[in-house]
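The file structure31.cif contains mmCIF, C-alpha atoms and all ligand atoms:
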data_protein
loop_
_atom_site.label_atom_id
_atom_site.label_comp_id
_atom_site.auth_asym_id
_atom_site.auth_seq_id
_atom_site.Cartn_x
_atom_site.Cartn_y
_atom_site.Cartn_z
CA MET Z 1 0.00 0.00 0.00
CA LYS Z 2 2.93 2.25 0.69
CA MET Z 3 4.14 1.72 -2.84
CA LYS Z 4 0.78 2.63 -4.20
CA LEU Z 5 0.60 5.89 -2.28
CA GLN Z 6 4.09 6.74 -3.43
CA ARG Z 7 3.18 6.00 -6.99
CA TRP Z 8 0.27 8.41 -6.77
CA ALA Z 9 2.50 11.06 -5.31
CA LEU Z 10 5.10 10.42 -7.99
CA ALA Z 11 2.52 10.69 -10.74
CA GLY Z 12 1.66 14.16 -9.47
CA LEU Z 13 5.32 15.12 -9.35
CA ALA Z 14 5.90 13.86 -12.88
CA VAL Z 15 3.09 16.09 -14.10
CA LEU Z 16 4.65 19.05 -12.31
CA ALA Z 17 8.09 18.27 -13.67
CA SER Z 18 6.83 18.06 -17.22
CA GLY Z 19 6.11 21.77 -16.91
CA GLY Z 20 3.37 21.63 -19.47
CA VAL Z 21 0.61 21.46 -16.94
CA THR Z 22 -0.42 24.39 -14.82
CA LEU Z 23 -1.44 24.31 -11.22
CA VAL Z 24 -4.96 25.06 -12.39
CA ALA Z 25 -4.91 21.90 -14.48
CA LEU Z 26 -3.73 19.92 -11.47
CA MET Z 27 -6.56 21.33 -9.43
CA GLU Z 28 -8.96 20.36 -12.18
CA MET Z 29 -7.61 16.82 -12.05
CA GLY Z 30 -8.23 16.83 -8.33
CA GLN Z 31 -11.74 18.09 -8.95
CA MET Z 32 -12.35 15.26 -11.45
CA ALA Z 33 -11.11 12.71 -8.93
CA ARG Z 34 -13.36 14.18 -6.30
CA THR Z 35 -16.39 14.13 -8.56
CA LYS Z 36 -15.73 10.52 -9.43
CA ALA Z 37 -15.30 9.68 -5.76
CA GLN Z 38 -18.51 11.44 -4.88
CA GLY Z 39 -20.22 9.17 -7.37
CA GLN Z 40 -19.02 6.25 -5.27
CA GLY Z 41 -20.17 7.85 -2.03
CA ALA Z 42 -18.86 10.76 -0.03
CA ALA Z 43 -17.13 8.52 2.48
CA ASN Z 44 -14.53 7.55 -0.15
CA ALA Z 45 -13.71 11.11 -1.05
CA ARG Z 46 -10.19 11.15 0.41
CA LEU Z 47 -7.16 8.93 0.08
CA PRO Z 48 -6.97 6.19 2.68
CA THR Z 49 -4.26 6.39 5.29
CA ILE Z 50 -1.69 3.60 5.35
CA GLU Z 51 -3.54 1.98 8.24
CA GLU Z 52 -6.89 2.24 6.50
CA TYR Z 53 -5.82 0.71 3.23
CA GLN Z 54 -6.43 -3.01 3.79
CA PRO Z 55 -6.93 -4.63 0.40
CA LYS Z 56 -8.56 -8.02 0.41
CA SER Z 57 -6.71 -10.49 -1.77
CA THR Z 58 -8.73 -11.92 -4.63
CA LEU Z 59 -6.23 -14.73 -5.13
CA VAL Z 60 -7.78 -18.18 -5.18
CA ALA Z 61 -5.13 -20.75 -4.31
CA ALA Z 62 -4.83 -23.96 -2.34
CA GLU Z 63 -5.00 -23.42 1.42
CA HIS Z 64 -3.78 -25.69 4.21
CA LYS Z 65 -4.13 -24.45 7.72
CA PRO Z 66 -2.58 -26.87 10.19
CA GLU Z 67 -3.93 -26.19 13.67
CA ARG Z 68 -1.30 -28.36 15.27
CA ALA Z 69 2.32 -29.06 14.44
CA LYS Z 70 3.02 -32.18 12.40
CA TYR Z 71 5.61 -33.28 15.00
CA PRO Z 72 5.97 -32.41 18.67
CA PHE Z 73 7.99 -29.26 19.08
CA VAL Z 74 10.01 -27.24 21.54
CA ASP Z 75 9.41 -23.50 21.71
CA VAL Z 76 12.84 -22.23 22.73
CA HIS Z 77 11.77 -18.61 23.00
CA SER Z 78 8.90 -17.82 25.34
CA HIS Z 79 8.39 -15.41 28.23
CA HIS Z 80 6.41 -16.05 31.40
CA TRP Z 81 7.37 -13.79 34.28
CA ASN Z 82 6.57 -15.15 37.74
CA PRO Z 83 3.90 -17.55 36.46
CA THR Z 84 1.18 -18.74 38.82
CA ALA Z 85 0.07 -22.35 39.19
CA GLU Z 86 -3.18 -21.49 37.35
CA HIS Z 87 -1.23 -19.99 34.45
CA VAL Z 88 0.87 -23.15 34.22
CA GLU Z 89 -2.20 -25.41 34.23
CA GLU Z 90 -3.76 -23.34 31.47
CA LEU Z 91 -0.50 -23.37 29.52
CA VAL Z 92 -0.20 -27.14 29.54
CA LYS Z 93 -3.77 -27.53 28.29
CA GLU Z 94 -3.13 -25.08 25.47
CA MET Z 95 0.25 -26.61 24.60
CA ASP Z 96 -1.39 -30.00 24.16
CA THR Z 97 -3.80 -28.63 21.56
CA ILE Z 98 -0.96 -27.61 19.20
CA ASN Z 99 1.60 -30.37 19.89
CA LEU Z 100 3.87 -28.02 21.85
CA ARG Z 101 5.74 -30.60 23.92
CA VAL Z 102 8.26 -28.40 25.75
CA LEU Z 103 8.15 -24.69 26.37
CA VAL Z 104 11.33 -22.81 27.28
CA ASN Z 105 10.62 -19.89 29.60
CA LEU Z 106 13.48 -17.47 29.02
CA SER Z 107 12.35 -15.15 31.81
CA GLY Z 108 13.39 -17.12 34.87
CA GLY Z 109 15.37 -14.38 36.56
CA THR Z 110 17.98 -15.39 39.11
CA GLY Z 111 18.19 -16.46 42.75
CA GLU Z 112 14.96 -16.76 44.71
CA SER Z 113 12.57 -15.64 41.96
CA LEU Z 114 14.11 -18.21 39.60
CA LYS Z 115 13.57 -20.91 42.21
CA LYS Z 116 9.89 -19.97 42.43
CA THR Z 117 9.44 -20.10 38.66
CA LEU Z 118 11.24 -23.44 38.51
CA ALA Z 119 9.01 -24.84 41.24
CA VAL Z 120 5.78 -23.71 39.66
CA MET Z 121 6.71 -24.86 36.14
CA LYS Z 122 9.17 -27.75 36.33
CA GLY Z 123 8.05 -28.73 39.79
CA ARG Z 124 4.60 -29.50 38.42
CA TYR Z 125 5.51 -30.62 34.90
CA PRO Z 126 9.18 -31.61 34.78
CA ASN Z 127 9.01 -32.78 31.17
CA ARG Z 128 7.02 -29.88 29.76
CA PHE Z 129 9.04 -26.85 30.81
CA VAL Z 130 12.57 -25.57 30.71
CA VAL Z 131 13.56 -22.39 32.50
CA PHE Z 132 16.50 -20.16 31.60
CA ALA Z 133 18.22 -17.90 34.09
CA ASN Z 134 18.92 -14.20 33.56
CA LEU Z 135 21.76 -12.03 34.84
CA SER Z 136 21.31 -9.42 37.51
CA TYR Z 137 23.22 -6.25 36.69
CA ASP Z 138 22.66 -4.70 40.11
CA ASP Z 139 26.31 -5.03 41.10
CA LEU Z 140 27.73 -4.34 37.64
CA ASN Z 141 29.86 -1.50 38.96
CA THR Z 142 31.37 -3.35 41.87
CA PRO Z 143 34.77 -4.78 40.86
CA GLY Z 144 34.69 -8.51 40.08
CA TYR Z 145 31.19 -8.44 38.58
CA GLY Z 146 31.80 -11.07 35.89
CA LYS Z 147 33.07 -13.68 38.31
CA ARG Z 148 30.22 -13.08 40.73
CA ALA Z 149 27.64 -13.26 37.93
CA ALA Z 150 29.18 -16.55 36.78
CA ALA Z 151 29.01 -17.94 40.31
CA ARG Z 152 25.36 -16.92 40.64
CA LEU Z 153 24.63 -18.59 37.34
CA GLU Z 154 26.30 -21.77 38.51
CA GLN Z 155 24.00 -21.77 41.55
CA ASP Z 156 20.97 -21.06 39.33
CA VAL Z 157 21.87 -24.06 37.18
CA ARG Z 158 22.26 -26.18 40.29
CA ASN Z 159 18.75 -25.06 41.18
CA GLY Z 160 17.45 -26.28 37.82
CA ALA Z 161 18.02 -23.58 35.19
CA GLN Z 162 19.01 -25.05 31.81
CA GLY Z 163 20.29 -22.02 29.95
CA LEU Z 164 21.02 -18.31 30.12
CA LYS Z 165 18.96 -15.65 28.36
CA ILE Z 166 20.47 -12.25 27.67
CA PHE Z 167 17.90 -9.53 27.00
CA LYS Z 168 18.20 -6.81 24.42
CA ASN Z 169 19.23 -4.05 26.79
CA TYR Z 170 22.65 -5.75 26.74
CA GLY Z 171 24.84 -3.88 24.26
CA MET Z 172 22.34 -1.04 23.87
CA ASP Z 173 20.86 0.40 27.07
CA LEU Z 174 22.99 -1.22 29.73
CA LYS Z 175 25.57 1.31 30.98
CA HIS Z 176 28.50 1.36 33.35
CA ALA Z 177 28.35 3.89 36.20
CA ASN Z 178 30.53 6.27 34.17
CA GLY Z 179 27.83 6.34 31.51
CA GLU Z 180 29.73 4.19 29.04
CA ARG Z 181 27.68 1.60 27.17
CA VAL Z 182 28.44 -2.03 27.98
CA HIS Z 183 29.82 -3.39 24.73
CA VAL Z 184 28.62 -6.82 23.63
CA ASP Z 185 32.19 -8.14 23.82
CA ASP Z 186 32.98 -6.43 27.14
CA PRO Z 187 35.64 -8.70 28.73
CA GLU Z 188 33.97 -8.25 32.12
CA PHE Z 189 31.42 -10.83 30.93
CA ASP Z 190 33.97 -13.41 29.73
CA PRO Z 191 33.68 -15.50 32.94
CA VAL Z 192 29.92 -15.77 32.33
CA TRP Z 193 30.27 -17.11 28.77
CA GLU Z 194 33.01 -19.49 29.86
CA LYS Z 195 30.87 -20.73 32.73
CA CYS Z 196 28.11 -21.58 30.25
CA ALA Z 197 30.56 -23.72 28.27
CA GLU Z 198 31.68 -25.45 31.45
CA LEU Z 199 28.07 -26.12 32.53
CA LYS Z 200 27.10 -27.14 28.98
CA ILE Z 201 24.21 -24.73 28.85
CA PRO Z 202 23.35 -22.53 25.85
CA VAL Z 203 23.15 -18.74 25.87
CA LEU Z 204 20.09 -17.44 24.07
CA ILE Z 205 21.06 -13.88 23.28
CA HIS Z 206 19.19 -10.96 21.80
CA ILE Z 207 21.61 -8.43 20.33
CA ALA Z 208 20.45 -5.30 18.49
CA GLU Z 209 17.09 -5.03 16.76
CA PRO Z 210 15.86 -5.17 13.16
CA SER Z 211 18.29 -3.06 11.14
CA ALA Z 212 15.37 -0.88 9.98
CA PHE Z 213 15.03 0.44 13.55
CA PHE Z 214 18.49 1.96 13.19
CA ASP Z 215 17.58 3.61 9.87
CA PRO Z 216 15.82 6.97 9.48
CA TRP Z 217 12.07 6.82 10.10
CA ASP Z 218 11.02 7.88 6.65
CA TYR Z 219 8.75 6.61 3.88
CA HIS Z 220 11.43 4.17 2.75
CA ASN Z 221 11.65 2.42 6.10
CA GLU Z 222 9.92 -0.96 5.89
CA ARG Z 223 9.09 -0.90 9.62
CA TRP Z 224 7.48 2.54 9.33
CA GLU Z 225 4.23 1.38 10.87
CA GLU Z 226 5.86 -0.27 13.86
CA LEU Z 227 8.00 2.79 14.57
CA ARG Z 228 4.91 4.96 14.41
CA GLU Z 229 3.11 2.67 16.84
CA PHE Z 230 6.15 2.31 19.13
CA PRO Z 231 8.45 5.31 18.60
CA GLN Z 232 10.64 4.17 21.49
CA ARG Z 233 11.75 1.20 19.37
CA ALA Z 234 13.70 3.53 17.07
CA ARG Z 235 17.46 3.34 17.51
CA PRO Z 236 18.69 6.77 16.36
CA PRO Z 237 22.46 7.31 16.14
CA SER Z 238 22.20 10.08 18.72
CA LYS Z 239 21.38 7.50 21.39
CA TYR Z 240 22.51 4.14 20.08
CA PRO Z 241 25.50 2.53 18.40
CA PRO Z 242 25.03 1.68 14.74
CA PHE Z 243 23.63 -1.76 13.87
CA GLU Z 244 26.97 -2.77 12.33
CA THR Z 245 28.89 -1.87 15.49
CA LEU Z 246 26.67 -4.21 17.49
CA MET Z 247 27.08 -6.98 14.92
CA ALA Z 248 30.87 -6.61 14.99
CA GLU Z 249 31.01 -6.70 18.80
CA ARG Z 250 28.67 -9.69 18.86
CA ASN Z 251 30.71 -11.66 16.36
CA ARG Z 252 33.94 -10.95 18.24
CA MET Z 253 32.30 -12.33 21.37
CA PHE Z 254 31.08 -15.45 19.52
CA ALA Z 255 34.61 -15.99 18.21
CA LYS Z 256 36.26 -15.45 21.59
CA HIS Z 257 34.17 -18.22 23.23
CA PRO Z 258 34.14 -21.10 20.76
CA ARG Z 259 33.17 -23.68 23.41
CA THR Z 260 30.02 -21.75 24.35
CA ASN Z 261 26.86 -22.40 22.35
CA PHE Z 262 25.04 -19.21 21.46
CA ILE Z 263 21.50 -19.11 20.11
CA ALA Z 264 21.21 -15.72 18.44
CA ALA Z 265 17.56 -14.76 18.84
CA HIS Z 266 15.40 -13.75 15.90
CA LEU Z 267 17.61 -15.18 13.13
CA ALA Z 268 20.41 -13.01 14.54
CA PHE Z 269 18.57 -10.12 12.83
CA HIS Z 270 19.88 -11.36 9.50
CA GLY Z 271 16.55 -12.81 8.36
CA ASN Z 272 16.55 -10.22 5.60
CA ASP Z 273 20.01 -11.34 4.44
CA LEU Z 274 20.28 -15.11 4.64
CA ASP Z 275 23.63 -15.17 2.81
CA ARG Z 276 25.04 -13.11 5.64
CA LEU Z 277 23.54 -15.44 8.23
CA GLY Z 278 25.04 -18.40 6.35
CA LYS Z 279 28.46 -16.76 6.54
CA LEU Z 280 28.00 -16.22 10.27
CA PHE Z 281 27.23 -19.94 10.66
CA ASP Z 282 30.19 -20.93 8.47
CA SER Z 283 32.68 -18.90 10.47
CA HIS Z 284 31.21 -19.60 13.94
CA PRO Z 285 30.32 -23.28 14.49
CA ASN Z 286 29.06 -22.45 18.00
CA VAL Z 287 26.25 -20.21 16.74
CA TYR Z 288 22.59 -21.16 16.30
CA VAL Z 289 19.45 -19.10 15.78
CA ASP Z 290 15.77 -19.18 16.59
CA ILE Z 291 13.02 -18.02 14.25
CA ALA Z 292 10.95 -16.28 16.92
CA ALA Z 293 8.94 -13.30 15.66
CA VAL Z 294 10.83 -13.21 12.35
CA LEU Z 295 8.75 -15.71 10.39
CA ALA Z 296 7.75 -12.97 7.97
CA GLU Z 297 11.38 -12.64 6.93
CA LEU Z 298 11.48 -16.26 5.82
CA GLY Z 299 7.95 -16.13 4.45
CA ARG Z 300 8.72 -13.37 1.99
CA GLN Z 301 11.53 -15.38 0.36
CA PRO Z 302 10.18 -18.94 0.30
CA TYR Z 303 12.73 -20.37 -2.16
CA SER Z 304 15.71 -18.91 -0.34
CA ALA Z 305 14.23 -19.82 3.04
CA HIS Z 306 13.68 -23.41 2.00
CA ASP Z 307 17.21 -23.83 0.64
CA PHE Z 308 18.72 -22.06 3.62
CA LEU Z 309 16.91 -24.25 6.14
CA VAL Z 310 17.93 -27.40 4.29
CA LYS Z 311 21.55 -26.27 4.18
CA TYR Z 312 21.68 -25.12 7.80
CA GLN Z 313 19.19 -27.61 9.24
CA ASP Z 314 21.36 -28.23 12.31
CA ARG Z 315 21.51 -24.57 13.29
CA VAL Z 316 17.91 -23.33 13.43
CA LEU Z 317 15.42 -23.71 16.29
CA MET Z 318 11.70 -23.16 16.61
CA GLY Z 319 10.64 -20.23 18.78
CA LYS Z 320 7.70 -17.88 19.00
CA ASP Z 321 8.49 -15.09 21.54
CA ILE Z 322 5.22 -13.46 22.69
CA TYR Z 323 3.10 -16.38 23.83
CA ASP Z 324 -0.29 -16.73 22.16
CA VAL Z 325 -1.53 -20.23 21.47
CA ASN Z 326 -3.47 -18.98 18.44
CA GLU Z 327 -0.45 -17.57 16.63
CA TYR Z 328 1.72 -20.68 16.30
CA LYS Z 329 -0.31 -21.91 13.35
CA TRP Z 330 1.38 -19.40 11.07
CA TYR Z 331 4.66 -21.13 11.86
CA PHE Z 332 3.17 -24.54 11.07
CA ARG Z 333 1.70 -23.28 7.83
CA ALA Z 334 4.94 -21.60 6.71
CA LEU Z 335 7.20 -24.51 7.66
CA GLU Z 336 4.91 -27.35 6.58
CA THR Z 337 3.01 -26.14 3.49
CA ARG Z 338 3.54 -24.41 0.17
CA ASP Z 339 0.56 -22.11 0.62
CA GLU Z 340 0.94 -18.82 -1.17
CA TYR Z 341 0.44 -15.20 -0.36
CA PHE Z 342 -1.27 -15.44 3.00
CA GLU Z 343 -1.64 -12.76 5.63
CA TYR Z 344 0.78 -12.58 8.53
CA TYR Z 345 -0.42 -12.38 12.12
CA ARG Z 346 1.31 -9.16 13.07
CA LYS Z 347 0.95 -6.45 10.53
CA ARG Z 348 3.43 -4.07 12.11
CA HIS Z 349 6.17 -6.64 11.46
CA ALA Z 350 5.17 -7.25 7.87
CA PHE Z 351 2.87 -5.26 5.62
CA TRP Z 352 3.57 -7.98 3.05
CA ARG Z 353 1.97 -11.40 2.80
CA ILE Z 354 3.97 -14.56 3.24
CA TYR Z 355 4.49 -17.90 1.50
CA GLY Z 356 4.97 -21.40 2.82
CA PHE Z 357 8.45 -22.82 2.27
CA GLN Z 358 7.70 -26.41 3.26
CA VAL Z 359 10.88 -28.10 4.45
CA PRO Z 360 11.46 -31.88 4.25
CA ASP Z 361 10.28 -33.86 7.28
CA GLU Z 362 13.80 -34.62 8.46
CA VAL Z 363 14.60 -30.91 8.49
CA LEU Z 364 11.29 -30.10 10.14
CA LYS Z 365 12.02 -32.51 12.98
CA LYS Z 366 15.38 -30.87 13.64
CA ILE Z 367 13.86 -27.40 13.71
CA TYR Z 368 10.91 -28.50 15.81
CA TYR Z 369 12.85 -30.47 18.42
CA GLY Z 370 16.09 -32.18 17.34
CA ASN Z 371 18.35 -29.14 17.59
CA ALA Z 372 16.75 -27.99 20.83
CA LEU Z 373 17.23 -31.41 22.41
CA LYS Z 374 20.91 -31.35 21.51
CA LEU Z 375 21.52 -27.82 22.77
CA VAL Z 376 19.21 -27.46 25.72
CA PHE Z 377 19.19 -30.98 27.05
CA ALA Z 378 22.79 -31.86 26.31
CA ALA Z 379 23.65 -31.82 29.99
CA SER Z 380 20.61 -33.57 31.35
CA THR Z 381 18.79 -35.86 28.99
CA SER Z 382 19.50 -39.49 28.24
CA SER Z 383 19.73 -40.63 24.64
CA ARG Z 384 16.74 -42.86 25.38
CA ALA Z 385 14.62 -39.80 26.15
CA VAL Z 386 15.79 -38.14 22.94
CA LYS Z 387 14.94 -41.23 20.93
CA ALA Z 388 11.42 -41.17 22.31
CA TRP Z 389 10.79 -37.95 20.37
CA ASN Z 390 11.63 -39.59 17.09
CA ARG Z 391 8.95 -42.21 17.36
ZN ZN E 401 12.01 -12.62 23.51
#
The structure given in the file should be rewritten as structure tokens.
Amino acid sequence: MKMKLQRWALAGLAVLASGGVTLVALMEMGQMARTKAQGQGAANARLPTIEEYQPKSTLVAAEHKPERAKYPFVDVHSHHWNPTAEHVEELVKEMDTINLRVLVNLSGGTGESLKKTLAVMKGRYPNRFVVFANLSYDDLNTPGYGKRAAARLEQDVRNGAQGLKIFKNYGMDLKHANGERVHVDDPEFDPVWEKCAELKIPVLIHIAEPSAFFDPWDYHNERWEELREFPQRARPPSKYPPFETLMAERNRMFAKHPRTNFIAAHLAFHGNDLDRLGKLFDSHPNVYVDIAAVLAELGRQPYSAHDFLVKYQDRVLMGKDIYDVNEYKWYFRALETRDEYFEYYRKRHAFWRIYGFQVPDEVLKKIYYGNALKLVFAASTSSRAVKAWNR
């Protein structure tokens, strides 16, 4: 719709540029348009806004709408802060309806609050939930932070945490007391990454944001609508490091800790450049990604997405991010079918429609659970338990 509006605007400009048409003529054209519109009803007499323009597709094509995943799956990217017993009961019921076998709650916190979350989730359903710990930055400015954070993590893992989640403030908003931004590869955190290798737990890490958030908010920005809805998501250079700076710091950190497994959240924000993501995989064997909240990136390039997932089938994990049992079916449809040109569930992420890129069953199983079992359960699950998934 944006393109269409631009085309209209451009048509007007072209007329102006041609010089042969006076302003009066332009006004007459406007008058003609108005008259025509009035014929269709006064309500249509102005151009729709971007939000208002919601064309209904007239395409008739085969539709498959799986309501449940073809194989059991692990959602490695979900958030449930301080869940109650009732919430957990409800969750399990909902999970069963879509074949969601294991849900990874990335928002476990640390210390006592983590213990509570572990008790309410794993305590009740040990085989249905995994909880990741988070770092506390409260004592960041007291010397020896990294070692203390690593020790706390070790205790959290002893208490039952099975991974570490790093939230997006890391590298962007997190600051030292002197006001300096904590760089992604800040050596203070080295003991934490090394501890994860030692404990054989993965680090699911969210670094940066979609690159469009770092670009000017203008009519060429493909996340224009989202930035209008949530202006605070913009990452202007006056306040934030450039996207490329964050990527460079992140990759240096990945390289410095080759024994640590990192799951870069949201396709490492390279979903719009799969060649680049492939290069990241090639040069960093310890790096994996989830597809949480970036399905529209794959869905707009179904051929490339298919080939990419086949090639890197051992490196990609299923995740959803914001939990809503009704939204997983877009993932099933994109991964399992070749349906064409269907609407996405979150318009602010994608004004475009998406396409299914149906991956082979063996690849699907790895994305749905195989890779997660290897990474998340490496330290704790018997091969017998893993085999049970394959039946
Ligand atoms: Zn998340």
Environment of ligand ZN 401 (chain E) within 7 Å, counting only C-alpha atoms and all ligand atoms, reported as a ChimeraX atom specification: /Z:77-79,321-322
Non-local contacts of Z:Pro191 (7 Å; all atoms listed in the file; under 5 positions in same chain excluded) as JSON, numbers by chain: {"Z": [146, 147, 150]}
Point-to-point distance from atom CA of Z:Pro216 to atom CA of Z:His270, Å rounded to tenths: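 Going from atom CA of Z:Pro216 over to atom CA of Z:His270, I get 18.8 Å.
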Two-atom distance - atom CA of Z:Leu204, atom CA of Z:Gly109 (Å): 13.7 Å
Atom CA of Z:Thr337 to atom CA of Z:Lys374, distance in Å rounded to a single decimal: 25.9 Å
